[in-house]
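Shown below: entry-v3.txt, with compact mmCIF, C-alpha atoms.
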# COMPACT_ATOMS: atom_id res chain seq x y z
CA MET C 1 -66.46 53.82 41.14
CA THR C 2 -68.01 54.68 44.50
CA LEU C 3 -71.09 56.91 44.51
CA HIS C 4 -72.67 59.14 47.10
CA ASN C 5 -75.78 61.30 47.05
CA PHE C 6 -76.91 59.33 44.00
CA GLU C 7 -79.76 61.03 42.14
CA GLY C 8 -80.09 58.64 39.24
CA LYS C 9 -78.17 60.80 36.76
CA ARG C 10 -74.59 60.94 35.47
CA PHE C 11 -73.36 63.88 37.53
CA GLU C 12 -69.81 64.19 38.77
CA LYS C 13 -71.11 65.38 42.14
CA ASN C 14 -72.37 61.83 42.67
CA VAL C 15 -68.84 60.39 42.37
CA LYS C 16 -67.08 59.97 45.71
CA ASN C 17 -64.18 57.74 44.65
CA THR C 18 -63.05 56.17 41.40
CA TYR C 19 -60.28 53.91 40.17
CA LYS C 20 -59.44 54.77 36.57
CA ILE C 21 -57.23 57.14 34.58
CA PHE C 22 -58.65 57.80 31.14
CA PHE C 23 -57.21 59.27 27.93
CA ASP C 24 -59.27 60.20 24.85
CA ILE C 25 -56.88 60.64 21.89
CA ASP C 26 -58.21 62.32 18.75
CA LYS C 27 -55.10 64.07 17.39
CA ASN C 28 -51.73 62.55 16.43
CA SER C 29 -53.32 59.36 17.73
CA GLU C 30 -50.62 56.75 17.13
CA GLU C 31 -47.77 59.00 18.28
CA THR C 32 -49.62 60.22 21.37
CA LYS C 33 -50.77 56.71 22.30
CA ASN C 34 -47.18 55.44 22.12
CA ARG C 35 -45.88 58.35 24.21
CA ILE C 36 -48.41 57.68 26.97
CA ILE C 37 -47.66 53.95 27.00
CA LYS C 38 -43.92 54.62 27.14
CA PHE C 39 -44.48 56.99 30.08
CA ILE C 40 -46.94 54.94 32.17
CA GLY C 41 -46.98 51.41 30.76
CA ASN C 42 -49.54 49.33 28.91
CA PRO C 43 -53.12 50.39 29.69
CA THR C 44 -55.64 47.95 31.13
CA TYR C 45 -57.85 48.68 28.12
CA LEU C 46 -56.63 49.98 24.76
CA ILE C 47 -59.78 50.94 22.86
CA LYS C 48 -59.83 51.83 19.16
CA THR C 49 -62.92 53.99 18.73
CA SER C 50 -62.41 54.99 15.11
CA LEU C 51 -60.44 53.88 12.07
CA ASN C 52 -61.05 56.86 9.82
CA PRO C 53 -59.69 58.99 11.34
CA ILE C 54 -57.91 56.66 13.77
CA LYS C 55 -58.67 57.44 17.42
CA PHE C 56 -57.92 55.74 20.72
CA GLN C 57 -59.03 55.65 24.32
CA LEU C 58 -56.67 54.35 27.02
CA ILE C 59 -57.98 53.26 30.40
CA TYR C 60 -55.61 52.62 33.29
CA ILE C 61 -57.36 50.78 36.13
CA LEU C 62 -56.01 51.57 39.60
CA ASN C 63 -55.71 48.87 42.23
CA GLU C 64 -57.87 50.78 44.69
CA ASP C 65 -60.37 53.63 44.81
CA VAL C 66 -58.78 57.07 44.89
CA ASP C 67 -60.26 60.26 46.32
CA SER C 68 -62.05 61.97 43.44
CA LYS C 69 -60.41 65.39 44.02
CA LEU C 70 -56.90 63.93 43.86
CA LEU C 71 -57.66 61.77 40.83
CA LYS C 72 -59.20 64.70 38.99
CA LYS C 73 -55.94 66.63 39.43
CA VAL C 74 -53.89 63.67 38.23
CA VAL C 75 -56.05 63.09 35.13
CA TYR C 76 -56.10 66.78 34.27
CA THR C 77 -52.31 67.02 34.69
CA LEU C 78 -51.66 64.00 32.46
CA THR C 79 -54.12 65.00 29.73
CA THR C 80 -52.65 68.51 29.70
CA HIS C 81 -49.10 67.15 29.49
CA PHE C 82 -49.90 64.81 26.59
CA GLN C 83 -52.27 67.32 24.94
CA THR C 84 -55.20 64.89 24.72
CA ASP C 85 -58.86 65.73 25.26
CA HIS C 86 -59.46 66.80 28.86
CA THR C 87 -61.17 63.79 30.43
CA PHE C 88 -61.27 64.81 34.08
CA ASP C 89 -65.06 64.46 34.15
CA LEU C 90 -65.07 61.51 36.55
CA ALA C 91 -68.63 60.51 35.61
CA ARG C 92 -67.67 60.00 31.96
CA ILE C 93 -69.24 57.08 30.10
CA PHE C 94 -67.21 55.16 27.50
CA ARG C 95 -68.20 53.76 24.14
CA LEU C 96 -68.85 50.04 24.39
CA PRO C 97 -66.63 47.66 22.37
CA GLY C 98 -68.52 45.79 19.68
CA PHE C 99 -70.84 48.74 19.00
CA LYS C 100 -70.67 51.19 16.12
CA ASN C 101 -69.22 54.64 16.69
CA TRP C 102 -72.01 56.70 15.13
CA LYS C 103 -70.44 60.06 15.97
CA ASN C 104 -67.70 59.92 13.36
CA ASN C 105 -68.44 57.07 10.99
CA PRO C 106 -71.26 54.52 11.31
CA THR C 107 -69.01 51.82 9.79
CA ASN C 108 -66.50 52.09 12.65
CA ILE C 109 -66.80 49.24 15.17
CA VAL C 110 -65.31 49.98 18.59
CA THR C 111 -62.65 47.36 19.39
CA TYR C 112 -60.34 46.86 22.34
CA ILE C 113 -57.34 45.01 23.75
CA LYS C 114 -57.44 44.07 27.43
CA ASN C 115 -54.37 43.61 29.63
CA ASN C 116 -54.27 42.46 33.24
CA ASN C 117 -52.30 45.53 34.31
CA THR C 118 -53.42 47.60 37.28
CA TYR C 119 -51.62 50.61 38.71
CA ASP C 120 -51.02 52.20 42.08
CA ILE C 121 -51.80 55.92 42.36
CA ASN C 122 -48.48 56.46 44.15
CA TYR C 123 -46.68 55.02 41.12
CA ILE C 124 -48.41 57.61 38.93
CA LEU C 125 -47.68 60.43 41.37
CA ASN C 126 -44.02 59.40 41.46
CA LEU C 127 -43.84 59.42 37.66
CA LEU C 128 -45.04 63.02 37.69
CA LYS C 129 -42.55 63.93 40.40
CA VAL C 130 -39.43 62.42 38.81
CA ASN C 131 -40.34 64.01 35.47
CA ASN C 132 -40.85 67.42 37.10
CA ILE C 133 -44.50 67.59 36.07
CA GLU C 134 -46.43 69.80 38.46
CA LEU C 135 -49.80 68.59 39.68
CA LEU C 136 -52.42 71.01 38.32
CA GLU C 137 -55.77 72.29 39.57
CA PRO C 138 -58.33 71.65 36.77
CA GLN C 139 -60.72 74.61 37.04
CA GLU C 140 -58.03 77.22 37.58
CA ASN C 141 -55.99 75.96 34.67
CA ILE C 142 -58.96 75.83 32.29
CA ASN C 143 -59.42 79.56 32.85
CA GLU C 144 -55.68 80.17 32.50
CA ILE C 145 -55.50 78.31 29.20
CA THR C 146 -58.46 80.11 27.66
CA GLN C 147 -57.04 83.48 28.72
CA LYS C 148 -53.70 82.66 27.13
CA THR C 149 -55.15 81.33 23.88
CA THR C 150 -57.64 84.10 23.15
CA LYS C 151 -56.98 87.84 23.09
CA ASN C 152 -60.54 88.60 24.13
CA LYS C 153 -62.19 85.88 26.18
CA ILE C 154 -65.62 85.06 24.77
CA ASN C 155 -68.35 84.68 27.33
CA ASN C 156 -71.11 82.13 27.06
CA THR C 157 -74.14 83.78 25.51
CA ASN C 158 -77.79 82.87 25.89
CA CYS C 159 -78.02 81.76 22.26
CA GLN C 160 -80.11 78.62 21.86
CA PHE C 161 -80.48 76.17 19.01
CA ASP C 162 -82.42 77.68 16.12
CA LYS C 163 -82.97 75.58 13.02
CA ASN C 164 -84.16 78.69 11.19
CA ASN C 165 -80.74 80.31 11.50
CA LYS C 166 -79.62 81.25 7.98
CA TYR C 167 -76.30 79.42 8.47
CA TYR C 168 -77.87 76.13 9.60
CA GLU C 169 -77.53 74.43 6.22
CA LYS C 170 -73.94 75.66 5.86
CA TYR C 171 -73.06 74.08 9.22
CA GLN C 172 -74.60 70.78 8.10
CA GLU C 173 -72.34 70.91 5.04
CA PHE C 174 -69.28 71.17 7.28
CA VAL C 175 -70.52 68.26 9.43
CA GLU C 176 -71.00 66.08 6.36
CA ARG C 177 -67.63 67.11 4.95
CA VAL C 178 -65.75 65.85 8.05
CA GLY C 179 -67.68 62.62 8.38
CA GLY C 180 -69.87 63.71 11.27
CA ASP C 181 -67.07 64.88 13.58
CA LYS C 182 -68.77 67.96 15.05
CA SER C 183 -65.68 69.20 16.86
CA ARG C 184 -63.90 69.57 13.52
CA ALA C 185 -67.04 70.98 11.92
CA ASP C 186 -67.28 73.60 14.68
CA ILE C 187 -63.77 74.86 13.96
CA SER C 188 -64.34 74.97 10.19
CA PHE C 189 -67.68 76.72 10.60
CA VAL C 190 -66.36 79.42 12.94
CA LYS C 191 -63.28 79.93 10.76
CA PHE C 192 -65.56 80.35 7.73
CA LEU C 193 -67.82 82.89 9.46
CA LYS C 194 -65.24 84.92 11.36
CA TYR C 195 -64.07 86.66 8.17
CA LYS C 196 -67.65 87.65 7.41
CA ILE C 197 -69.00 88.71 10.80
CA GLY C 198 -66.18 88.39 13.36
CA THR C 199 -65.33 85.66 15.86
CA GLN C 200 -67.87 86.66 18.53
CA LYS C 201 -70.79 86.59 16.08
CA ALA C 202 -69.47 83.39 14.53
CA ILE C 203 -69.53 81.70 17.96
CA GLU C 204 -73.05 82.98 18.59
CA ASN C 205 -74.19 81.42 15.33
CA LEU C 206 -72.45 78.15 16.18
CA LEU C 207 -74.47 78.03 19.41
CA GLN C 208 -77.62 78.39 17.31
CA VAL C 209 -76.88 75.91 14.51
CA ARG C 210 -75.39 72.95 16.42
CA ASP C 211 -78.31 71.13 18.00
CA ASP C 212 -76.45 69.26 20.78
CA ILE C 213 -73.77 71.75 21.84
CA HIS C 214 -75.69 72.91 24.92
CA ILE C 215 -76.08 69.27 26.02
CA LYS C 216 -72.66 67.85 25.19
CA HIS C 217 -70.82 70.86 26.63
CA LYS C 218 -73.28 71.68 29.38
CA TYR C 219 -70.58 71.98 32.05
CA ASP C 220 -67.68 73.37 30.00
CA LEU C 221 -69.33 75.55 27.35
CA ASN C 222 -67.28 78.67 28.14
CA TYR C 223 -64.08 76.65 27.94
CA TYR C 224 -65.16 74.93 24.73
CA ILE C 225 -66.15 78.05 22.79
CA ASN C 226 -62.94 79.81 23.84
CA LEU C 227 -60.97 76.75 22.72
CA ILE C 228 -62.70 76.89 19.33
CA ALA C 229 -61.95 80.62 19.08
CA SER C 230 -58.27 80.00 19.85
CA LYS C 231 -58.00 77.58 16.90
CA VAL C 232 -59.43 79.88 14.24
Whole structure, structure tokens version:
Amino acid sequence: MTLHNFEGKRFEKNVKNTYKIFFDIDKNSEETKNRIIKFIGNPTYLIKTSLNPIKFQLIYILNEDVDSKLLKKVVYTLTTHFQTDHTFDLARIFRLPGFKNWKNNPTNIVTYIKNNNTYDINYILNLLKVNNIELLEPQENINEITQKTTKNKINNTNCQFDKNNKYYEKYQEFVERVGGDKSRADISFVKFLKYKIGTQKAIENLLQVRDDIHIKHKYDLNYYINLIASKV
């Protein structure tokens, strides 16, 4: 990764060039992993971040730095095509092998398999071309997806974390029930509340009861809450 205008923090604006394509696979993990490998080839790093539930990260190292704008389009296009988590944040930090994955299950040790494979960006671009996969613009398509998946787009509110919210304990129950996976807990919580107070109010309460949502989704909060709403 090549940096410019470095300010000492993990901001994408500090990334000038980078040399990796990254997939974060949480759903249909084995099947999706195999589809990606069949399409591109063996990743440079195959990381198993969780055993229960099983989750993977695939990292494809490129043989040279690629312009960040082009690579962001490529990563967004691929993650959209394979329906994995959108990982076009080029300043993303990975979980280190050998360490515990505390997010989902503190007994999960992150493991990996390393290959010597590297890839040329033109090879990836040609794969997209021959398979008639159109190169997408990330920001425009995020908006398009949220508009298609929700009848009434929910706007980010100014709700802040409030431990005194009457649903705080209920949210903690959902978090515990799914082994600490807050993404799954968010969906369950909003689904539970929407029948009581409606989706909009349910989202507002989620923004108050989840302590790290404004940090973890600082740059994509509108997209994230609309994605949650589309699943309930």
Can you build me a table of segment 11-54 of chain C residues sitting at most 10 Å from segment 75-87 of chain C, with the closest atom pair per residue and its distance in Å to one decimal, using all atoms listed in the file, sorted by chain and residue number, as a tab-separated table?
residue	atom	partner	partner_atom	distance
C:Lys20	CA	C:Val75	CA	9.1
C:Ile21	CA	C:Val75	CA	6.1
C:Phe22	CA	C:Thr87	CA	6.5
C:Phe23	CA	C:Thr87	CA	6.5
C:Asp24	CA	C:Asp85	CA	5.6
C:Ile25	CA	C:Thr84	CA	5.4
C:Asp26	CA	C:Thr84	CA	7.2
C:Lys27	CA	C:Thr84	CA	7.4
C:Asn28	CA	C:Thr84	CA	9.3
C:Ser29	CA	C:Thr84	CA	9.1
C:Thr32	CA	C:Phe82	CA	7.0
C:Lys33	CA	C:Phe82	CA	9.2
C:Arg35	CA	C:Phe82	CA	8.0
C:Ile36	CA	C:Phe82	CA	7.3
Handout entry: Surrounding residues of segment 41-48 of chain C excluding itself and chain neighbours under 2 positions, 7 Å, all atoms listed in the file, as a PyMOL selection string
Key = chain C and resi 37-39+50+55-61+110-118
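The gap separating atom CA of Phe189 of chain C from atom CA of Leu206 of chain C is 7.5 Å, in Å to one decimal.
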Handout entry: Coordinates-based distance that separates atom CA of Leu221 of chain C from atom CA of Glu30 of chain C (Å, one decimal)
Key = 28.4 Å
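For the residues C:Asn205, C:Arg210, C:Phe161, C:Asn131, ranking by smallest atom-to-atom distance to Gly180 of chain C using all atoms listed in the file places C:Arg210 first.
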Practice task
Could you give me, as a count of residues only, the residues within 12 Å of Lys231 of chain C, counting only C-alpha atoms and dropping anything in the same chain fewer than 2 positions from it?
Solution key: 19
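Straight-line separation from atom CA of Lys166 of chain C to atom CA of Val209 of chain C: 8.9 Å.
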Handout entry: Selection: 8 Å around Asp162 of chain C, all atoms listed in the file, excl. self and same-chain fewer than 3 positions, as a ChimeraX atom specification
Key = /C:165,208-209,211
Handout entry: Shell around Phe174 of chain C at 8 Å using only C-alpha atoms, local window under 2 positions removed, as a PyMOL selection string
Key = chain C and resi 170-172+176-178+185+188-189
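Comparing the minimum interatomic distances between Ile124 of chain C and each of C:Ile40, C:Leu193, C:Ile213, C:Leu207, counting all atoms listed in the file, we find that C:Ile40 sits nearest.
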Exercise for the section: Compare C:Asn222, C:Asn126, C:Thr18, C:Asn132 by their minimum atom-to-atom distance to Leu70 of chain C, counting only C-alpha atoms, and give me the closest one. Expected result: C:Thr18
